[in-house]
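Colleague: File entry_0.pdb below, PDB, C-alpha atoms and all ligand atoms:
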ATOM      1  CA  MET A  36      -9.239 -19.499  19.135
ATOM      2  CA  LYS A  37     -10.899 -21.647  16.488
ATOM      3  CA  VAL A  38      -9.374 -21.204  13.048
ATOM      4  CA  GLY A  39     -10.926 -22.739   9.954
ATOM      5  CA  VAL A  40      -9.085 -23.713   6.818
ATOM      6  CA  LEU A  41     -11.184 -23.689   3.673
ATOM      7  CA  ALA A  42     -10.727 -27.255   2.490
ATOM      8  CA  LEU A  43     -12.584 -27.498  -0.801
ATOM      9  CA  GLN A  44      -9.419 -28.003  -2.838
ATOM     10  CA  GLY A  45      -5.726 -27.282  -2.567
ATOM     11  CA  ALA A  46      -3.159 -27.007   0.186
ATOM     12  CA  SER A  47      -5.334 -27.141   3.326
ATOM     13  CA  ALA A  48      -3.698 -29.942   5.348
ATOM     14  CA  ARG A  49      -0.376 -28.177   5.942
ATOM     15  CA  HIS A  50      -2.201 -25.052   7.102
ATOM     16  CA  VAL A  51      -4.172 -27.107   9.628
ATOM     17  CA  ALA A  52      -0.911 -28.581  10.940
ATOM     18  CA  MET A  53       0.765 -25.166  11.195
ATOM     19  CA  LEU A  54      -2.205 -23.653  13.032
ATOM     20  CA  ALA A  55      -2.296 -26.564  15.465
ATOM     21  CA  ALA A  56       1.451 -26.154  16.013
ATOM     22  CA  VAL A  57       0.928 -22.555  17.161
ATOM     23  CA  GLY A  58      -1.833 -23.549  19.561
ATOM     24  CA  ALA A  59      -5.013 -22.826  17.608
ATOM     25  CA  ALA A  60      -7.929 -25.230  17.336
ATOM     26  CA  ALA A  61      -7.782 -25.771  13.593
ATOM     27  CA  ILE A  62     -10.627 -27.333  11.625
ATOM     28  CA  GLU A  63     -11.329 -27.893   7.956
ATOM     29  CA  VAL A  64     -14.217 -25.889   6.539
ATOM     30  CA  LYS A  65     -16.285 -27.331   3.710
ATOM     31  CA  THR A  66     -19.789 -26.227   4.701
ATOM     32  CA  PRO A  67     -21.590 -23.069   5.886
ATOM     33  CA  GLU A  68     -22.172 -24.771   9.276
ATOM     34  CA  ARG A  69     -18.457 -25.230   9.836
ATOM     35  CA  LEU A  70     -17.754 -21.687   8.717
ATOM     36  CA  ALA A  71     -20.206 -20.368  11.298
ATOM     37  CA  ASP A  72     -18.227 -22.197  13.953
ATOM     38  CA  VAL A  73     -14.811 -20.545  13.404
ATOM     39  CA  ASP A  74     -13.329 -17.246  14.595
ATOM     40  CA  ARG A  75     -10.824 -16.857  11.767
ATOM     41  CA  LEU A  76     -10.346 -18.408   8.346
ATOM     42  CA  VAL A  77      -7.429 -19.415   6.120
ATOM     43  CA  MET A  78      -8.063 -19.567   2.380
ATOM     44  CA  PRO A  79      -5.253 -21.759   1.043
ATOM     45  CA  GLY A  80      -3.367 -22.057  -2.207
ATOM     46  CA  GLY A  81      -4.571 -24.312  -4.954
ATOM     47  CA  GLU A  82      -6.447 -23.375  -8.071
ATOM     48  CA  SER A  83      -8.603 -20.293  -7.695
ATOM     49  CA  THR A  84     -10.917 -21.176 -10.591
ATOM     50  CA  THR A  85     -11.635 -24.647  -9.182
ATOM     51  CA  MET A  86     -12.047 -23.253  -5.679
ATOM     52  CA  SER A  87     -14.515 -20.723  -7.074
ATOM     53  CA  LYS A  88     -16.704 -23.442  -8.521
ATOM     54  CA  LEU A  89     -16.599 -25.408  -5.281
ATOM     55  CA  LEU A  90     -17.457 -22.315  -3.227
ATOM     56  CA  VAL A  91     -20.575 -21.982  -5.387
ATOM     57  CA  SER A  92     -21.560 -25.658  -5.293
ATOM     58  CA  ASN A  93     -21.019 -25.839  -1.507
ATOM     59  CA  ASP A  94     -23.187 -22.743  -0.903
ATOM     60  CA  LEU A  95     -20.285 -20.923   0.682
ATOM     61  CA  VAL A  96     -20.083 -17.713  -1.359
ATOM     62  CA  GLU A  97     -22.636 -15.658   0.566
ATOM     63  CA  PRO A  98     -21.663 -16.985   4.013
ATOM     64  CA  VAL A  99     -17.985 -16.168   3.368
ATOM     65  CA  GLN A 100     -18.949 -12.745   2.042
ATOM     66  CA  ARG A 101     -21.045 -12.041   5.141
ATOM     67  CA  ARG A 102     -18.290 -13.104   7.537
ATOM     68  CA  LEU A 103     -15.699 -11.003   5.675
ATOM     69  CA  ALA A 104     -17.971  -7.965   5.822
ATOM     70  CA  ALA A 105     -18.527  -8.578   9.532
ATOM     71  CA  GLY A 106     -14.766  -8.402  10.129
ATOM     72  CA  MET A 107     -13.726 -12.048  10.414
ATOM     73  CA  PRO A 108      -9.909 -12.151  10.118
ATOM     74  CA  VAL A 109      -8.869 -14.062   7.022
ATOM     75  CA  LEU A 110      -5.480 -15.178   5.699
ATOM     76  CA  GLY A 111      -5.512 -15.846   1.956
ATOM     77  CA  THR A 112      -2.430 -17.487   0.506
ATOM     78  CA  CYS A 113      -1.728 -17.724  -3.221
ATOM     79  CA  ALA A 114      -5.068 -18.819  -4.750
ATOM     80  CA  GLY A 115      -6.625 -17.425  -1.537
ATOM     81  CA  MET A 116      -5.077 -14.050  -2.362
ATOM     82  CA  ILE A 117      -6.635 -14.208  -5.825
ATOM     83  CA  LEU A 118     -10.098 -14.970  -4.420
ATOM     84  CA  LEU A 119      -9.909 -12.057  -1.962
ATOM     85  CA  ALA A 120      -8.483  -9.392  -4.304
ATOM     86  CA  SER A 121     -10.650  -6.625  -5.714
ATOM     87  CA  GLU A 122      -9.232  -7.075  -9.213
ATOM     88  CA  VAL A 123      -7.940 -10.261 -10.885
ATOM     89  CA  LEU A 124      -5.988  -9.955 -14.130
ATOM     90  CA  ASP A 125      -5.735 -13.022 -16.388
ATOM     91  CA  GLY A 126      -8.478 -14.685 -14.373
ATOM     92  CA  ARG A 127     -11.515 -16.465 -15.731
ATOM     93  CA  SER A 128     -14.423 -14.099 -16.190
ATOM     94  CA  ASP A 129     -16.666 -16.330 -14.070
ATOM     95  CA  GLN A 130     -14.326 -16.808 -11.118
ATOM     96  CA  ILE A 131     -15.433 -15.585  -7.702
ATOM     97  CA  ASP A 132     -13.829 -12.439  -6.480
ATOM     98  CA  PHE A 133     -14.711 -11.414  -2.955
ATOM     99  CA  GLY A 134     -13.250  -7.943  -3.423
ATOM    100  CA  ALA A 135     -12.182  -7.927   0.211
ATOM    101  CA  ILE A 136      -8.825  -6.196  -0.255
ATOM    102  CA  ASP A 137      -8.133  -3.345  -2.659
ATOM    103  CA  ILE A 138      -5.326  -4.816  -4.750
ATOM    104  CA  SER A 139      -4.930  -5.931  -8.355
ATOM    105  CA  VAL A 140      -3.282  -9.308  -8.832
ATOM    106  CA  ARG A 141      -2.239 -11.111 -11.963
ATOM    107  CA  ARG A 142      -2.744 -14.876 -11.922
ATOM    108  CA  ASN A 143       0.485 -16.751 -12.640
ATOM    109  CA  GLY A 144       2.059 -13.288 -12.840
ATOM    110  CA  PHE A 145       5.659 -14.403 -12.368
ATOM    111  CA  GLY A 146       5.642 -16.014 -15.810
ATOM    112  CA  ARG A 147       6.848 -19.316 -17.090
ATOM    113  CA  GLN A 148      10.500 -19.144 -16.118
ATOM    114  CA  LEU A 149       9.612 -18.330 -12.550
ATOM    115  CA  GLU A 150       6.655 -20.690 -12.256
ATOM    116  CA  SER A 151       7.992 -21.875  -8.928
ATOM    117  CA  PHE A 152      10.775 -20.371  -6.869
ATOM    118  CA  GLU A 153      11.892 -19.670  -3.324
ATOM    119  CA  ALA A 154      13.167 -16.379  -1.994
ATOM    120  CA  ASP A 155      13.881 -14.654   1.299
ATOM    121  CA  LEU A 156      11.283 -12.099   2.337
ATOM    122  CA  THR A 157      11.164  -9.256   4.762
ATOM    123  CA  VAL A 158       7.926  -9.492   6.713
ATOM    124  CA  ASP A 159       7.611  -6.280   8.733
ATOM    125  CA  ALA A 160       5.698  -7.769  11.646
ATOM    126  CA  LEU A 161       8.123 -10.651  12.128
ATOM    127  CA  GLY A 162      11.583  -9.129  12.127
ATOM    128  CA  PRO A 163      14.719 -11.190  11.419
ATOM    129  CA  PRO A 164      15.502 -13.799  10.281
ATOM    130  CA  PRO A 165      13.808 -13.434   6.872
ATOM    131  CA  VAL A 166      10.901 -15.676   5.965
ATOM    132  CA  ARG A 167      11.638 -18.179   3.202
ATOM    133  CA  GLY A 168       8.856 -17.655   0.687
ATOM    134  CA  VAL A 169       7.741 -20.549  -1.486
ATOM    135  CA  PHE A 170       6.065 -19.328  -4.687
ATOM    136  CA  ILE A 171       4.120 -21.777  -6.861
ATOM    137  CA  ARG A 172       2.522 -20.290  -9.977
ATOM    138  CA  ALA A 173       2.019 -17.337  -7.707
ATOM    139  CA  PRO A 174      -0.127 -14.280  -8.285
ATOM    140  CA  ARG A 175       1.766 -11.021  -8.751
ATOM    141  CA  VAL A 176       0.533  -7.888  -6.990
ATOM    142  CA  GLU A 177       0.364  -5.151  -9.619
ATOM    143  CA  ARG A 178      -1.521  -2.437  -7.710
ATOM    144  CA  VAL A 179      -1.943  -1.677  -4.025
ATOM    145  CA  GLY A 180      -4.880   0.563  -3.049
ATOM    146  CA  ALA A 181      -4.558   3.524  -0.712
ATOM    147  CA  GLY A 182      -6.080   1.770   2.293
ATOM    148  CA  VAL A 183      -3.835  -1.268   1.992
ATOM    149  CA  GLU A 184      -0.703  -1.870   4.042
ATOM    150  CA  VAL A 185       2.199  -3.725   2.433
ATOM    151  CA  ILE A 186       3.456  -6.254   4.985
ATOM    152  CA  ALA A 187       6.099  -8.227   3.068
ATOM    153  CA  ARG A 188       8.466  -7.654   0.184
ATOM    154  CA  LEU A 189      11.075  -9.474  -1.848
ATOM    155  CA  ALA A 190      14.636  -8.108  -1.796
ATOM    156  CA  ASP A 191      13.868  -6.001  -4.895
ATOM    157  CA  ASP A 192      10.908  -4.429  -3.040
ATOM    158  CA  GLU A 193       8.285  -6.378  -4.936
ATOM    159  CA  VAL A 194       5.117  -6.651  -2.836
ATOM    160  CA  VAL A 195       4.267 -10.205  -1.760
ATOM    161  CA  ALA A 196       1.916  -9.722   1.202
ATOM    162  CA  CYS A 197      -0.668  -7.087   2.115
ATOM    163  CA  ARG A 198      -3.224  -6.321   4.764
ATOM    164  CA  GLN A 199      -6.392  -4.269   4.773
ATOM    165  CA  GLU A 200      -8.023  -4.365   8.199
ATOM    166  CA  ASN A 201      -9.179  -7.982   8.739
ATOM    167  CA  VAL A 202      -7.888  -9.257   5.393
ATOM    168  CA  VAL A 203      -4.305 -10.542   5.049
ATOM    169  CA  VAL A 204      -2.998 -11.992   1.781
ATOM    170  CA  THR A 205       0.300 -13.513   0.673
ATOM    171  CA  SER A 206       1.367 -14.501  -2.830
ATOM    172  CA  PHE A 207       3.619 -17.187  -1.333
ATOM    173  CA  HIS A 208       2.840 -20.398   0.600
ATOM    174  CA  PRO A 209       3.728 -19.810   4.279
ATOM    175  CA  GLU A 210       2.620 -23.351   5.183
ATOM    176  CA  LEU A 211       5.324 -25.104   3.147
ATOM    177  CA  THR A 212       8.338 -24.492   5.385
ATOM    178  CA  ASP A 213       8.844 -25.238   9.082
ATOM    179  CA  ASP A 214       8.617 -21.538   9.953
ATOM    180  CA  THR A 215       5.405 -21.052  11.927
ATOM    181  CA  ARG A 216       5.860 -17.340  12.603
ATOM    182  CA  LEU A 217       3.342 -16.055  10.078
ATOM    183  CA  HIS A 218       0.621 -18.417  11.314
ATOM    184  CA  GLU A 219       1.418 -17.469  14.889
ATOM    185  CA  TRP A 220       1.141 -13.796  13.970
ATOM    186  CA  PHE A 221      -2.227 -14.399  12.247
ATOM    187  CA  VAL A 222      -3.595 -16.292  15.227
ATOM    188  CA  THR A 223      -2.347 -13.888  17.913
ATOM    189  CA  THR A 224      -2.891 -10.499  16.260
ATOM    190  CA  ALA A 225      -5.871  -8.466  17.440
ATOM    191  CA  PHE A 226      -7.681  -7.437  14.255
TER     192      PHE A 226
HETATM  193  N1  LIG B 301      -2.144 -20.059 -10.151
HETATM  194  C1  LIG B 301      -3.091 -20.532  -9.178
HETATM  195  C2  LIG B 301      -4.465 -19.918  -9.378
HETATM  196  O1  LIG B 301      -4.716 -19.260 -10.316
HETATM  197  C3  LIG B 301      -2.599 -20.252  -7.777
HETATM  198  C4  LIG B 301      -1.410 -21.112  -7.475
HETATM  199  C5  LIG B 301      -1.317 -21.487  -6.029
HETATM  200  O2  LIG B 301      -2.212 -21.277  -5.226
HETATM  201  N2  LIG B 301      -0.206 -22.103  -5.680
HETATM  202  O3  LIG B 301      -5.323 -20.110  -8.581
END
Would you put the structure from the file into structure tokens?
Ligand code: GLN
Modeller:
Amino acid sequence: MKVGVLALQGASARHVAMLAAVGAAAIEVKTPERLADVDRLVMPGGESTTMSKLLVSNDLVEPVQRRLAAGMPVLGTCAGMILLASEVLDGRSDQIDFGAIDISVRRNGFGRQLESFEADLTVDALGPPPVRGVFIRAPRVERVGAGVEVIARLADDEVVACRQENVVVTSFHPELTDDTRLHEWFVTTAF
């Protein structure tokens, strides 16, 4: 299983390490050629507006769109969630939105006081113990479409991860702890 990590900007290195730790062949993706070479893709956290510009200047928008439409499994974390969502609130009007999962997310939606925080999460597919979620200026999920499955919640039931067919998104950073279970699940699940 060859898993790419979009490495234009942001938190790609830790994802590569996590994927390698669970036995995947993990490579950084910065070009359409590299994208064509992977079975699955991680879109990391970072800054969605900057990543948007780099997707355009690296000629990756259409190739990513084609692969998503063809069913390539993708894991979008934080800024990756924003890029994949069908609706972005408080985004920049010119930022790329792949519209690959029917959710509305608000950029930096946890507000100033909660700019960064950690919290235990229940991730349905993983069972106990809880996953420690690291949130950094995280997007907040404000609407979940009918075809979308909620796969993780905070203790107060707030939605922090969703899946629609081949598209999985988390508002937290699963690569920033030593818990490899979510990456293992992404790599081993049949989509
Ligand atoms: N707030 C960032 C954005 O708008 C996302 C933050 C992150 O990925 N840690 O892209």
Colleague: Evaluated on this file, the PyMOL selection byres (((not hetatm)) within 12 of (chain B and resi 301)) picks out some residues - which ones are they, written as an MDAnalysis selection string?
Modeller: chainID A and resid 44:47 78:88 111:120 123:127 130:132 140:147 150:152 168:175 204:211
Colleague: Suppose a student applies the PyMOL selection byres (((chain A and resi 194) around 12) and not hetatm) to this structure; what residues should they get, written as JSON, numbers by chain?
Modeller: {"A": [138, 139, 140, 156, 157, 158, 159, 174, 175, 176, 177, 178, 179, 183, 184, 185, 186, 187, 188, 189, 190, 191, 192, 193, 195, 196, 197, 198, 204, 205, 206, 207]}
Colleague: For Ser121 (chain A), list every protein, DNA or RNA residue within 6 Å, evaluated using all atoms listed in the file, and leave out those in the same chain fewer than 2 positions away; present the list as a ChimeraX atom specification.
Modeller: /A:134,136-138
Colleague: Using CA of Leu43 (chain A) and CA of Asp74 (chain A) as the two end points, give the distance in Å to one decimal.
Modeller: 18.5 Å
Colleague: Identify all residues satisfying the PyMOL selection byres (((chain A and resi 62) around 7) and not hetatm) in the given file; provide them as a PyMOL selection string.
Modeller: chain A and resi 38-40+51+60-61+63-64
Colleague: Report, in Å to a single decimal, how far apart CA of Asp213 (chain A) and CA of Ala154 (chain A) are.
Modeller: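 The value is 14.8 Å.
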Colleague: Give me, please, the distance in Å between CA of Leu217 (chain A) and CA of Arg101 (chain A), quoted to one decimal.
Modeller: 25.2 Å
Colleague: Of the candidates A:Pro98, A:Gly58, A:Gly182, A:Pro163, which shows the shortest atom-to-atom distance to Val202 (chain A), using all atoms listed in the file?
Modeller: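 Checking each candidate against Val202 (chain A), we get A:Gly182 as the closest.
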Colleague: Identify which of the residues A:His50, A:Arg167, A:Lys65, A:Lys37 lies closest to Pro108 (chain A), counting all atoms listed in the file when measuring atom-to-atom distances.
Modeller: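 Result for the nearest residue to Pro108 (chain A): A:Lys37.
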Colleague: Which of these residues is nearest to Leu89 (chain A), using only C-alpha atoms: A:Ala55, A:Ala225, A:Leu70, A:Ala42?
Modeller: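 Looking only at the distances to Leu89 (chain A), the closest residue turns out to be A:Ala42.
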Colleague: Counting all atoms listed in the file, which residue out of A:Val166, A:Val57, A:Ala52, A:Val203 sits closest to Met107 (chain A)?
Modeller: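 Smallest distance to Met107 (chain A) is found for A:Val203.
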Colleague: Because the input lacks atoms here, generate all heavy atoms for region 36-47 of chain A and report them as a PDB file, keeping the file's coordinate frame.
Modeller:
ATOM      1  N   MET A  36      -9.120 -20.033  20.506  1.00  0.00           N
ATOM      2  CA  MET A  36      -9.239 -19.499  19.135  1.00  0.00           C
ATOM      3  C   MET A  36      -9.455 -20.627  18.145  1.00  0.00           C
ATOM      4  O   MET A  36      -8.623 -21.523  18.014  1.00  0.00           O
ATOM      5  CB  MET A  36      -7.947 -18.747  18.809  1.00  0.00           C
ATOM      6  CG  MET A  36      -7.779 -18.374  17.345  1.00  0.00           C
ATOM      7  SD  MET A  36      -8.641 -16.879  16.887  1.00  0.00           S
ATOM      8  CE  MET A  36      -7.853 -15.712  17.985  1.00  0.00           C
ATOM      9  N   LYS A  37     -10.604 -20.608  17.478  1.00  0.00           N
ATOM     10  CA  LYS A  37     -10.899 -21.647  16.488  1.00  0.00           C
ATOM     11  C   LYS A  37     -10.640 -21.071  15.093  1.00  0.00           C
ATOM     12  O   LYS A  37     -11.234 -20.061  14.720  1.00  0.00           O
ATOM     13  CB  LYS A  37     -12.358 -22.057  16.606  1.00  0.00           C
ATOM     14  CG  LYS A  37     -12.590 -23.522  16.365  1.00  0.00           C
ATOM     15  CD  LYS A  37     -14.028 -23.874  16.661  1.00  0.00           C
ATOM     16  CE  LYS A  37     -14.176 -25.343  16.985  1.00  0.00           C
ATOM     17  NZ  LYS A  37     -15.550 -25.745  17.190  1.00  0.00           N
ATOM     18  N   VAL A  38      -9.725 -21.702  14.374  1.00  0.00           N
ATOM     19  CA  VAL A  38      -9.374 -21.204  13.048  1.00  0.00           C
ATOM     20  C   VAL A  38      -9.750 -22.252  12.008  1.00  0.00           C
ATOM     21  O   VAL A  38      -9.343 -23.411  12.094  1.00  0.00           O
ATOM     22  CB  VAL A  38      -7.866 -20.876  12.952  1.00  0.00           C
ATOM     23  CG1 VAL A  38      -7.535 -20.290  11.580  1.00  0.00           C
ATOM     24  CG2 VAL A  38      -7.463 -19.905  14.055  1.00  0.00           C
ATOM     25  N   GLY A  39     -10.529 -21.835  11.022  1.00  0.00           N
ATOM     26  CA  GLY A  39     -10.926 -22.739   9.954  1.00  0.00           C
ATOM     27  C   GLY A  39      -9.964 -22.633   8.783  1.00  0.00           C
ATOM     28  O   GLY A  39      -9.362 -21.586   8.544  1.00  0.00           O
ATOM     29  N   VAL A  40      -9.831 -23.730   8.073  1.00  0.00           N
ATOM     30  CA  VAL A  40      -9.085 -23.713   6.818  1.00  0.00           C
ATOM     31  C   VAL A  40     -10.046 -24.187   5.737  1.00  0.00           C
ATOM     32  O   VAL A  40     -10.573 -25.309   5.818  1.00  0.00           O
ATOM     33  CB  VAL A  40      -7.848 -24.636   6.867  1.00  0.00           C
ATOM     34  CG1 VAL A  40      -7.096 -24.570   5.535  1.00  0.00           C
ATOM     35  CG2 VAL A  40      -6.924 -24.254   8.018  1.00  0.00           C
ATOM     36  N   LEU A  41     -10.307 -23.320   4.781  1.00  0.00           N
ATOM     37  CA  LEU A  41     -11.184 -23.689   3.673  1.00  0.00           C
ATOM     38  C   LEU A  41     -10.573 -24.903   2.978  1.00  0.00           C
ATOM     39  O   LEU A  41      -9.427 -24.849   2.529  1.00  0.00           O
ATOM     40  CB  LEU A  41     -11.286 -22.503   2.705  1.00  0.00           C
ATOM     41  CG  LEU A  41     -12.333 -22.600   1.611  1.00  0.00           C
ATOM     42  CD1 LEU A  41     -13.746 -22.593   2.219  1.00  0.00           C
ATOM     43  CD2 LEU A  41     -12.172 -21.441   0.628  1.00  0.00           C
ATOM     44  N   ALA A  42     -11.323 -25.989   2.932  1.00  0.00           N
ATOM     45  CA  ALA A  42     -10.727 -27.255   2.490  1.00  0.00           C
ATOM     46  C   ALA A  42     -11.495 -27.862   1.323  1.00  0.00           C
ATOM     47  O   ALA A  42     -11.769 -29.057   1.278  1.00  0.00           O
ATOM     48  CB  ALA A  42     -10.657 -28.229   3.666  1.00  0.00           C
ATOM     49  N   LEU A  43     -11.847 -27.024   0.369  1.00  0.00           N
ATOM     50  CA  LEU A  43     -12.584 -27.498  -0.801  1.00  0.00           C
ATOM     51  C   LEU A  43     -11.635 -28.129  -1.797  1.00  0.00           C
ATOM     52  O   LEU A  43     -11.976 -29.054  -2.518  1.00  0.00           O
ATOM     53  CB  LEU A  43     -13.293 -26.320  -1.471  1.00  0.00           C
ATOM     54  CG  LEU A  43     -14.279 -25.587  -0.583  1.00  0.00           C
ATOM     55  CD1 LEU A  43     -14.788 -24.345  -1.291  1.00  0.00           C
ATOM     56  CD2 LEU A  43     -15.433 -26.502  -0.195  1.00  0.00           C
ATOM     57  N   GLN A  44     -10.414 -27.579  -1.845  1.00  0.00           N
ATOM     58  CA  GLN A  44      -9.419 -28.003  -2.838  1.00  0.00           C
ATOM     59  C   GLN A  44      -8.124 -27.336  -2.423  1.00  0.00           C
ATOM     60  O   GLN A  44      -8.129 -26.292  -1.785  1.00  0.00           O
ATOM     61  CB  GLN A  44      -9.857 -27.496  -4.219  1.00  0.00           C
ATOM     62  CG  GLN A  44      -9.006 -27.915  -5.405  1.00  0.00           C
ATOM     63  CD  GLN A  44      -7.969 -26.859  -5.777  1.00  0.00           C
ATOM     64  OE1 GLN A  44      -8.092 -25.700  -5.421  1.00  0.00           O
ATOM     65  NE2 GLN A  44      -6.920 -27.291  -6.470  1.00  0.00           N
ATOM     66  N   GLY A  45      -6.995 -27.961  -2.761  1.00  0.00           N
ATOM     67  CA  GLY A  45      -5.726 -27.282  -2.567  1.00  0.00           C
ATOM     68  C   GLY A  45      -5.036 -27.626  -1.260  1.00  0.00           C
ATOM     69  O   GLY A  45      -5.299 -28.667  -0.656  1.00  0.00           O
ATOM     70  N   ALA A  46      -4.162 -26.709  -0.832  1.00  0.00           N
ATOM     71  CA  ALA A  46      -3.159 -27.007   0.186  1.00  0.00           C
ATOM     72  C   ALA A  46      -3.663 -26.772   1.611  1.00  0.00           C
ATOM     73  O   ALA A  46      -3.079 -25.997   2.360  1.00  0.00           O
ATOM     74  CB  ALA A  46      -1.923 -26.151  -0.079  1.00  0.00           C
ATOM     75  N   SER A  47      -4.764 -27.433   2.005  1.00  0.00           N
ATOM     76  CA  SER A  47      -5.334 -27.141   3.326  1.00  0.00           C
ATOM     77  C   SER A  47      -4.649 -27.886   4.471  1.00  0.00           C
ATOM     78  O   SER A  47      -4.515 -27.342   5.574  1.00  0.00           O
ATOM     79  CB  SER A  47      -6.827 -27.450   3.334  1.00  0.00           C
ATOM     80  OG  SER A  47      -7.052 -28.787   2.953  1.00  0.00           O
TER      81      SER A  47
END
